[in-house]
Amino acid sequence: AVLAAGVDIGNYDGVNGTTSNVLVNQNTNPATTVDFALDAINNGGSSDNFTLSSSVPAGWTATFYIDANGNGVLDPAELTPAVSTGPVAAGVEVNLIARVDVPVGSVPGVNGVSFTATSSVNATQSDTIANTVTVNAFASVDFFPDNAGNATAGGTITYAHTVTNNGNVGDTFDLTVASSQGWTYVFLDAVNAPISSVTLAPGASAAVNVRLTVPAGAAIGTVEVGVMTATGQVTLASDIATDVTTITAGNLSLTKSVSPVGDQVPGTDLTYTV
């Protein structure tokens, strides 16, 4: 008698002719990929070609590859995507890699993923292995750009910055500054209201302006370096931006007046004030 079509797909166990049904979990950060090594065995009585499919969270993707050398690792020579196993003789095992793409912004937590092999001889015959991907809480903040400018003694200068939460958890980022000259800085929001922190959801950004007040009497040529830091209250993620200010001479303005004003008769004493 000829055996009906059949397939067994499971996790890679390194033993030819068997699979593992023990759940495998992969821990990872957003914007990465994770690989699941799989075994698929043709349990039918004739050669078959098994279609490969997956179930992953919305926005994620899974791509299959043939693990030609059967070592459970996706090697450089094996990077041709596969939608099926290709012909598999009865009783023979084929080794696979399912690469799951975890996109930017994926929230922390455990996510179910599953992989299915379906017979092309009899589409009612299929098997599925279920695994999980745990997305780590990932903290990252970007404080940019660095700036440079000129200012005069007794004046002010304002630098524009952006703070972006590149992590996958929300946080409030405290804003601090270290001045090389001990001068005064104020952080301002997009409407120039004073602030000391910004609260950002994952992926969100906020405009942050930094205003430096230069003391009267600051010497021409003085270089002030302000190092601004954004630090997460919860995650402690931090980044810096640096503003470099050089003190230059102000424009000289002369005002001249005469007294008395207007047309005068010859012999009138005129007083000029500059």
# chains A, B, ... in the order shown; residues from 1 in each chain; ligands from 1

call {"tool": "residues_around", "arguments": {"residues": "Thr222 of chain A", "least_positions_apart": "3", "cutoff": "10 Å", "atoms": "only C-alpha atoms", "output": "ChimeraX atom specification"}}
result
/A:153,181,218-219,225,245-248

call {"tool": "write_last_selection", "arguments": {"atoms": "N, CA and C atoms", "output": "JSON list (two decimals), in the first residue's frame"}}
result
[["chain", "number", "residue", "atom", "x", "y", "z"],
["A", 153, "ALA", "N", 29.52, 90.14, 24.18],
["A", 153, "ALA", "CA", 29.39, 90.31, 25.63],
["A", 153, "ALA", "C", 28.07, 91.01, 25.95],
["A", 181, "GLN", "N", 32.39, 77.87, 30.97],
["A", 181, "GLN", "CA", 32.67, 79.17, 31.58],
["A", 181, "GLN", "C", 31.77, 79.45, 32.78],
["A", 218, "ALA", "N", 32.48, 89.87, 29.11],
["A", 218, "ALA", "CA", 33.17, 88.68, 28.61],
["A", 218, "ALA", "C", 34.18, 89.08, 27.56],
["A", 219, "ALA", "N", 35.39, 88.57, 27.67],
["A", 219, "ALA", "CA", 36.48, 88.99, 26.80],
["A", 219, "ALA", "C", 36.28, 88.47, 25.38],
["A", 225, "VAL", "N", 31.91, 76.40, 25.80],
["A", 225, "VAL", "CA", 31.42, 75.10, 25.34],
["A", 225, "VAL", "C", 30.31, 74.65, 26.28],
["A", 245, "THR", "N", 30.34, 78.47, 21.50],
["A", 245, "THR", "CA", 30.10, 79.89, 21.26],
["A", 245, "THR", "C", 31.39, 80.67, 21.42],
["A", 246, "THR", "N", 31.69, 81.48, 20.41],
["A", 246, "THR", "CA", 32.88, 82.33, 20.45],
["A", 246, "THR", "C", 32.45, 83.78, 20.62],
["A", 247, "ILE", "N", 33.08, 84.48, 21.56],
["A", 247, "ILE", "CA", 32.73, 85.88, 21.84],
["A", 247, "ILE", "C", 33.49, 86.78, 20.87],
["A", 248, "THR", "N", 32.71, 87.62, 20.17],
["A", 248, "THR", "CA", 33.28, 88.54, 19.19],
["A", 248, "THR", "C", 32.95, 89.97, 19.58]]

call {"tool": "residues_around", "arguments": {"residues": "Gly154 of chain A", "least_positions_apart": "5", "cutoff": "8 Å", "atoms": "only C-alpha atoms", "output": "number ranges by chain"}}
result
A: 213-218

call {"tool": "write_last_selection", "arguments": {"atoms": "N, CA, C and O atoms", "output": "tab-separated table (two decimals), in the first residue's frame"}}
result
chain	number	residue	atom	x	y	z
A	213	THR	N	23.04	83.12	27.80
A	213	THR	CA	23.23	84.53	28.13
A	213	THR	C	24.72	84.76	28.41
A	213	THR	O	25.30	84.13	29.29
A	214	VAL	N	25.32	85.65	27.63
A	214	VAL	CA	26.75	85.96	27.78
A	214	VAL	C	26.91	87.11	28.76
A	214	VAL	O	26.28	88.16	28.60
A	215	PRO	N	27.73	86.94	29.79
A	215	PRO	CA	27.89	88.03	30.76
A	215	PRO	C	28.50	89.29	30.12
A	215	PRO	O	29.32	89.19	29.21
A	216	ALA	N	28.07	90.46	30.61
A	216	ALA	CA	28.73	91.71	30.20
A	216	ALA	C	30.19	91.64	30.63
A	216	ALA	O	30.51	91.16	31.72
A	217	GLY	N	31.07	92.10	29.80
A	217	GLY	CA	32.49	92.08	30.13
A	217	GLY	C	33.21	90.83	29.72
A	217	GLY	O	34.41	90.70	29.96
A	218	ALA	N	32.48	89.87	29.11
A	218	ALA	CA	33.17	88.68	28.61
A	218	ALA	C	34.18	89.08	27.56
A	218	ALA	O	33.89	89.87	26.67

call {"tool": "closest_residue", "arguments": {"among": "A:Asn131, A:Ala241, A:Pro76, A:Gly226", "to": "His161 of chain A", "atoms": "only C-alpha atoms"}}
result
A:Ala241

call {"tool": "closest_residue", "arguments": {"among": "A:Ser205, A:Ser120, A:Ser106, A:Ser238", "to": "Pro30 of chain A", "atoms": "only C-alpha atoms"}}
result
A:Ser106

call {"tool": "residues_around", "arguments": {"residues": "Leu38 of chain A", "least_positions_apart": "3", "cutoff": "9 Å", "atoms": "only C-alpha atoms", "output": "JSON, numbers by chain"}}
result
{"A": [9, 10, 11, 12, 13, 19, 20, 67, 72, 94, 95, 96, 97, 98, 115, 129]}

call {"tool": "write_last_selection", "arguments": {"atoms": "N, CA, C and O atoms", "output": "compact mmCIF listing (two decimals), in the first residue's frame"}}
result
# COMPACT_ATOMS: atom_id res chain seq x y z
N ILE A 9 6.85 19.01 10.77
CA ILE A 9 7.78 20.13 10.88
C ILE A 9 7.98 20.44 12.35
O ILE A 9 7.02 20.46 13.15
N GLY A 10 9.21 20.66 12.74
CA GLY A 10 9.52 20.96 14.13
C GLY A 10 10.82 21.75 14.21
O GLY A 10 11.42 22.12 13.20
N ASN A 11 11.25 22.00 15.41
CA ASN A 11 12.50 22.72 15.61
C ASN A 11 13.69 21.79 15.40
O ASN A 11 13.62 20.58 15.64
N TYR A 12 14.75 22.36 14.93
CA TYR A 12 15.97 21.63 14.63
C TYR A 12 16.50 20.93 15.88
O TYR A 12 16.61 21.54 16.95
N ASP A 13 16.84 19.63 15.72
CA ASP A 13 17.39 18.90 16.86
C ASP A 13 18.75 18.27 16.56
O ASP A 13 19.34 17.60 17.42
N THR A 19 12.38 15.48 14.75
CA THR A 19 12.25 16.91 15.00
C THR A 19 11.97 17.14 16.47
O THR A 19 11.64 16.21 17.21
N SER A 20 12.09 18.39 16.90
CA SER A 20 11.77 18.76 18.28
C SER A 20 10.53 19.64 18.30
O SER A 20 10.44 20.60 17.54
N ASP A 67 18.47 25.18 4.65
CA ASP A 67 19.73 24.99 5.38
C ASP A 67 20.46 23.81 4.74
O ASP A 67 20.39 22.67 5.21
N GLY A 72 21.97 24.03 11.15
CA GLY A 72 21.11 24.85 12.00
C GLY A 72 21.46 26.32 12.00
O GLY A 72 20.93 27.08 12.81
N VAL A 94 14.38 17.54 5.49
CA VAL A 94 15.02 18.72 4.93
C VAL A 94 15.17 19.74 6.05
O VAL A 94 14.28 19.88 6.91
N ASN A 95 16.28 20.43 6.07
CA ASN A 95 16.56 21.42 7.12
C ASN A 95 16.29 22.82 6.59
O ASN A 95 16.63 23.15 5.46
N LEU A 96 15.69 23.66 7.43
CA LEU A 96 15.23 24.99 7.03
C LEU A 96 15.66 26.02 8.07
O LEU A 96 15.92 25.68 9.23
N ILE A 97 15.69 27.27 7.64
CA ILE A 97 15.84 28.41 8.55
C ILE A 97 14.69 29.37 8.28
O ILE A 97 14.45 29.74 7.12
N ALA A 98 13.98 29.76 9.32
CA ALA A 98 12.96 30.81 9.21
C ALA A 98 13.53 32.06 9.87
O ALA A 98 13.80 32.06 11.08
N PHE A 115 5.30 28.35 12.10
CA PHE A 115 5.79 28.01 10.76
C PHE A 115 5.10 26.72 10.32
O PHE A 115 5.04 25.75 11.08
N ILE A 129 4.73 24.29 13.61
CA ILE A 129 5.48 24.41 14.85
C ILE A 129 5.33 25.84 15.37
O ILE A 129 5.47 26.80 14.61

call {"tool": "residues_around", "arguments": {"residues": "Asp189 of chain A", "least_positions_apart": "6", "cutoff": "8 Å", "atoms": "only C-alpha atoms", "output": "short mmCIF file (atom, residue, chain, number, x, y, z; two decimals) with N, CA, C and O atoms, in the first residue's frame"}}
result
data_model
loop_
_atom_site.label_atom_id
_atom_site.label_comp_id
_atom_site.auth_asym_id
_atom_site.auth_seq_id
_atom_site.Cartn_x
_atom_site.Cartn_y
_atom_site.Cartn_z
N ILE A 195 11.60 75.11 29.90
CA ILE A 195 11.34 73.71 30.24
C ILE A 195 12.57 73.12 30.90
O ILE A 195 13.69 73.64 30.76
N ALA A 206 10.84 66.04 20.04
CA ALA A 206 10.45 67.36 20.54
C ALA A 206 11.54 68.36 20.19
O ALA A 206 12.74 68.05 20.28
N ALA A 207 11.11 69.55 19.76
CA ALA A 207 12.05 70.64 19.53
C ALA A 207 12.48 71.22 20.87
O ALA A 207 11.64 71.50 21.73
N VAL A 208 13.77 71.41 21.04
CA VAL A 208 14.32 71.99 22.27
C VAL A 208 15.31 73.07 21.87
O VAL A 208 16.32 72.79 21.21
N ASN A 209 15.01 74.32 22.25
CA ASN A 209 15.93 75.42 22.01
C ASN A 209 16.74 75.69 23.27
O ASN A 209 16.24 75.52 24.39
#

call {"tool": "atom_distance", "arguments": {"atom1": "atom CA of Val102 of chain A", "atom2": "atom CA of Thr63 of chain A"}}
result
11.9 Å

call {"tool": "atom_distance", "arguments": {"atom1": "atom CA of Gly182 of chain A", "atom2": "atom CA of Thr162 of chain A"}}
result
23.6 Å

call {"tool": "residues_around", "arguments": {"residues": "Thr61 of chain A", "least_positions_apart": "5", "cutoff": "12 Å", "atoms": "only C-alpha atoms", "output": "VMD selection string"}}
result
chain A and resid 31 to 35 53 to 56 98 to 103 113 to 115

call {"tool": "write_last_selection", "arguments": {"atoms": "N, CA, C and O atoms", "output": "PDB file, in the first residue's frame"}}
result
ATOM      1  N   ALA A  31      14.147  46.282  15.375  1.00  0.00           N
ATOM      2  CA  ALA A  31      15.027  46.545  14.225  1.00  0.00           C
ATOM      3  C   ALA A  31      16.121  45.496  14.094  1.00  0.00           C
ATOM      4  O   ALA A  31      17.258  45.804  13.706  1.00  0.00           O
ATOM      5  N   THR A  32      15.784  44.252  14.417  1.00  0.00           N
ATOM      6  CA  THR A  32      16.722  43.145  14.275  1.00  0.00           C
ATOM      7  C   THR A  32      16.004  41.967  13.623  1.00  0.00           C
ATOM      8  O   THR A  32      14.802  42.011  13.368  1.00  0.00           O
ATOM      9  N   THR A  33      16.759  40.919  13.331  1.00  0.00           N
ATOM     10  CA  THR A  33      16.161  39.668  12.871  1.00  0.00           C
ATOM     11  C   THR A  33      16.569  38.544  13.809  1.00  0.00           C
ATOM     12  O   THR A  33      17.620  38.600  14.457  1.00  0.00           O
ATOM     13  N   VAL A  34      15.707  37.515  13.877  1.00  0.00           N
ATOM     14  CA  VAL A  34      16.034  36.304  14.633  1.00  0.00           C
ATOM     15  C   VAL A  34      15.788  35.102  13.730  1.00  0.00           C
ATOM     16  O   VAL A  34      14.886  35.112  12.890  1.00  0.00           O
ATOM     17  N   ASP A  35      16.599  34.079  13.910  1.00  0.00           N
ATOM     18  CA  ASP A  35      16.509  32.879  13.077  1.00  0.00           C
ATOM     19  C   ASP A  35      16.005  31.696  13.887  1.00  0.00           C
ATOM     20  O   ASP A  35      16.460  31.463  15.023  1.00  0.00           O
ATOM     21  N   SER A  53       4.878  28.430   4.959  1.00  0.00           N
ATOM     22  CA  SER A  53       4.144  29.645   5.319  1.00  0.00           C
ATOM     23  C   SER A  53       4.379  29.948   6.786  1.00  0.00           C
ATOM     24  O   SER A  53       4.888  29.108   7.541  1.00  0.00           O
ATOM     25  N   SER A  54       3.986  31.143   7.195  1.00  0.00           N
ATOM     26  CA  SER A  54       4.237  31.563   8.581  1.00  0.00           C
ATOM     27  C   SER A  54       3.080  32.401   9.090  1.00  0.00           C
ATOM     28  O   SER A  54       2.279  32.940   8.319  1.00  0.00           O
ATOM     29  N   SER A  55       3.023  32.518  10.409  1.00  0.00           N
ATOM     30  CA  SER A  55       2.112  33.438  11.075  1.00  0.00           C
ATOM     31  C   SER A  55       2.937  34.245  12.069  1.00  0.00           C
ATOM     32  O   SER A  55       3.533  33.679  13.003  1.00  0.00           O
ATOM     33  N   VAL A  56       2.994  35.570  11.840  1.00  0.00           N
ATOM     34  CA  VAL A  56       3.796  36.456  12.691  1.00  0.00           C
ATOM     35  C   VAL A  56       2.954  37.695  13.004  1.00  0.00           C
ATOM     36  O   VAL A  56       1.953  37.954  12.332  1.00  0.00           O
ATOM     37  N   ALA A  98      13.980  29.763   9.321  1.00  0.00           N
ATOM     38  CA  ALA A  98      12.962  30.814   9.206  1.00  0.00           C
ATOM     39  C   ALA A  98      13.530  32.064   9.866  1.00  0.00           C
ATOM     40  O   ALA A  98      13.796  32.061  11.081  1.00  0.00           O
ATOM     41  N   ARG A  99      13.745  33.097   9.072  1.00  0.00           N
ATOM     42  CA  ARG A  99      14.287  34.358   9.597  1.00  0.00           C
ATOM     43  C   ARG A  99      13.140  35.344   9.797  1.00  0.00           C
ATOM     44  O   ARG A  99      12.432  35.690   8.843  1.00  0.00           O
ATOM     45  N   VAL A 100      12.962  35.797  11.023  1.00  0.00           N
ATOM     46  CA  VAL A 100      11.870  36.703  11.377  1.00  0.00           C
ATOM     47  C   VAL A 100      12.426  38.105  11.563  1.00  0.00           C
ATOM     48  O   VAL A 100      13.377  38.313  12.335  1.00  0.00           O
ATOM     49  N   ASP A 101      11.831  39.055  10.848  1.00  0.00           N
ATOM     50  CA  ASP A 101      12.233  40.456  10.938  1.00  0.00           C
ATOM     51  C   ASP A 101      11.369  41.160  11.978  1.00  0.00           C
ATOM     52  O   ASP A 101      10.142  41.199  11.855  1.00  0.00           O
ATOM     53  N   VAL A 102      12.014  41.704  13.013  1.00  0.00           N
ATOM     54  CA  VAL A 102      11.324  42.427  14.091  1.00  0.00           C
ATOM     55  C   VAL A 102      11.520  43.918  13.821  1.00  0.00           C
ATOM     56  O   VAL A 102      12.626  44.435  13.955  1.00  0.00           O
ATOM     57  N   PRO A 103      10.461  44.635  13.438  1.00  0.00           N
ATOM     58  CA  PRO A 103      10.653  46.006  12.946  1.00  0.00           C
ATOM     59  C   PRO A 103      10.922  47.021  14.047  1.00  0.00           C
ATOM     60  O   PRO A 103      10.696  46.763  15.243  1.00  0.00           O
ATOM     61  N   VAL A 113       4.957  33.221  17.115  1.00  0.00           N
ATOM     62  CA  VAL A 113       5.260  33.031  15.695  1.00  0.00           C
ATOM     63  C   VAL A 113       5.103  31.538  15.405  1.00  0.00           C
ATOM     64  O   VAL A 113       5.372  30.702  16.271  1.00  0.00           O
ATOM     65  N   SER A 114       4.651  31.210  14.203  1.00  0.00           N
ATOM     66  CA  SER A 114       4.517  29.796  13.863  1.00  0.00           C
ATOM     67  C   SER A 114       4.882  29.590  12.404  1.00  0.00           C
ATOM     68  O   SER A 114       4.775  30.504  11.577  1.00  0.00           O
ATOM     69  N   PHE A 115       5.296  28.352  12.098  1.00  0.00           N
ATOM     70  CA  PHE A 115       5.787  28.007  10.763  1.00  0.00           C
ATOM     71  C   PHE A 115       5.105  26.717  10.318  1.00  0.00           C
ATOM     72  O   PHE A 115       5.040  25.745  11.082  1.00  0.00           O
TER      73      PHE A 115
END

call {"tool": "residues_around", "arguments": {"residues": "Pro81 of chain A", "least_positions_apart": "5", "cutoff": "8 Å", "atoms": "only C-alpha atoms", "output": "list in words"}}
result
Thr63, Phe64, Tyr65 and Ile66 of chain A

call {"tool": "closest_residue", "arguments": {"among": "A:Thr18, A:Thr229, A:Ser140, A:Asn49", "to": "Asn166 of chain A", "atoms": "only C-alpha atoms"}}
result
A:Ser140

call {"tool": "closest_residue", "arguments": {"among": "A:Asn69, A:Asn43, A:Asn29, A:Thr235", "to": "Phe173 of chain A", "atoms": "only C-alpha atoms"}}
result
A:Thr235

call {"tool": "atom_distance", "arguments": {"atom1": "atom CA of Gly44 of chain A", "atom2": "atom CA of Ser126 of chain A"}}
result
11.2 Å

call {"tool": "closest_residue", "arguments": {"among": "A:Val107, A:Val227, A:Ala249, A:Ala37", "to": "Pro202 of chain A", "atoms": "only C-alpha atoms"}}
result
A:Val107

call {"tool": "residues_around", "arguments": {"residues": "segment 167-171 of chain A", "least_positions_apart": "4", "cutoff": "12 Å", "atoms": "only C-alpha atoms", "output": "number ranges by chain"}}
result
A: 29-31, 103-109, 135-142, 163, 197-205, 230-238
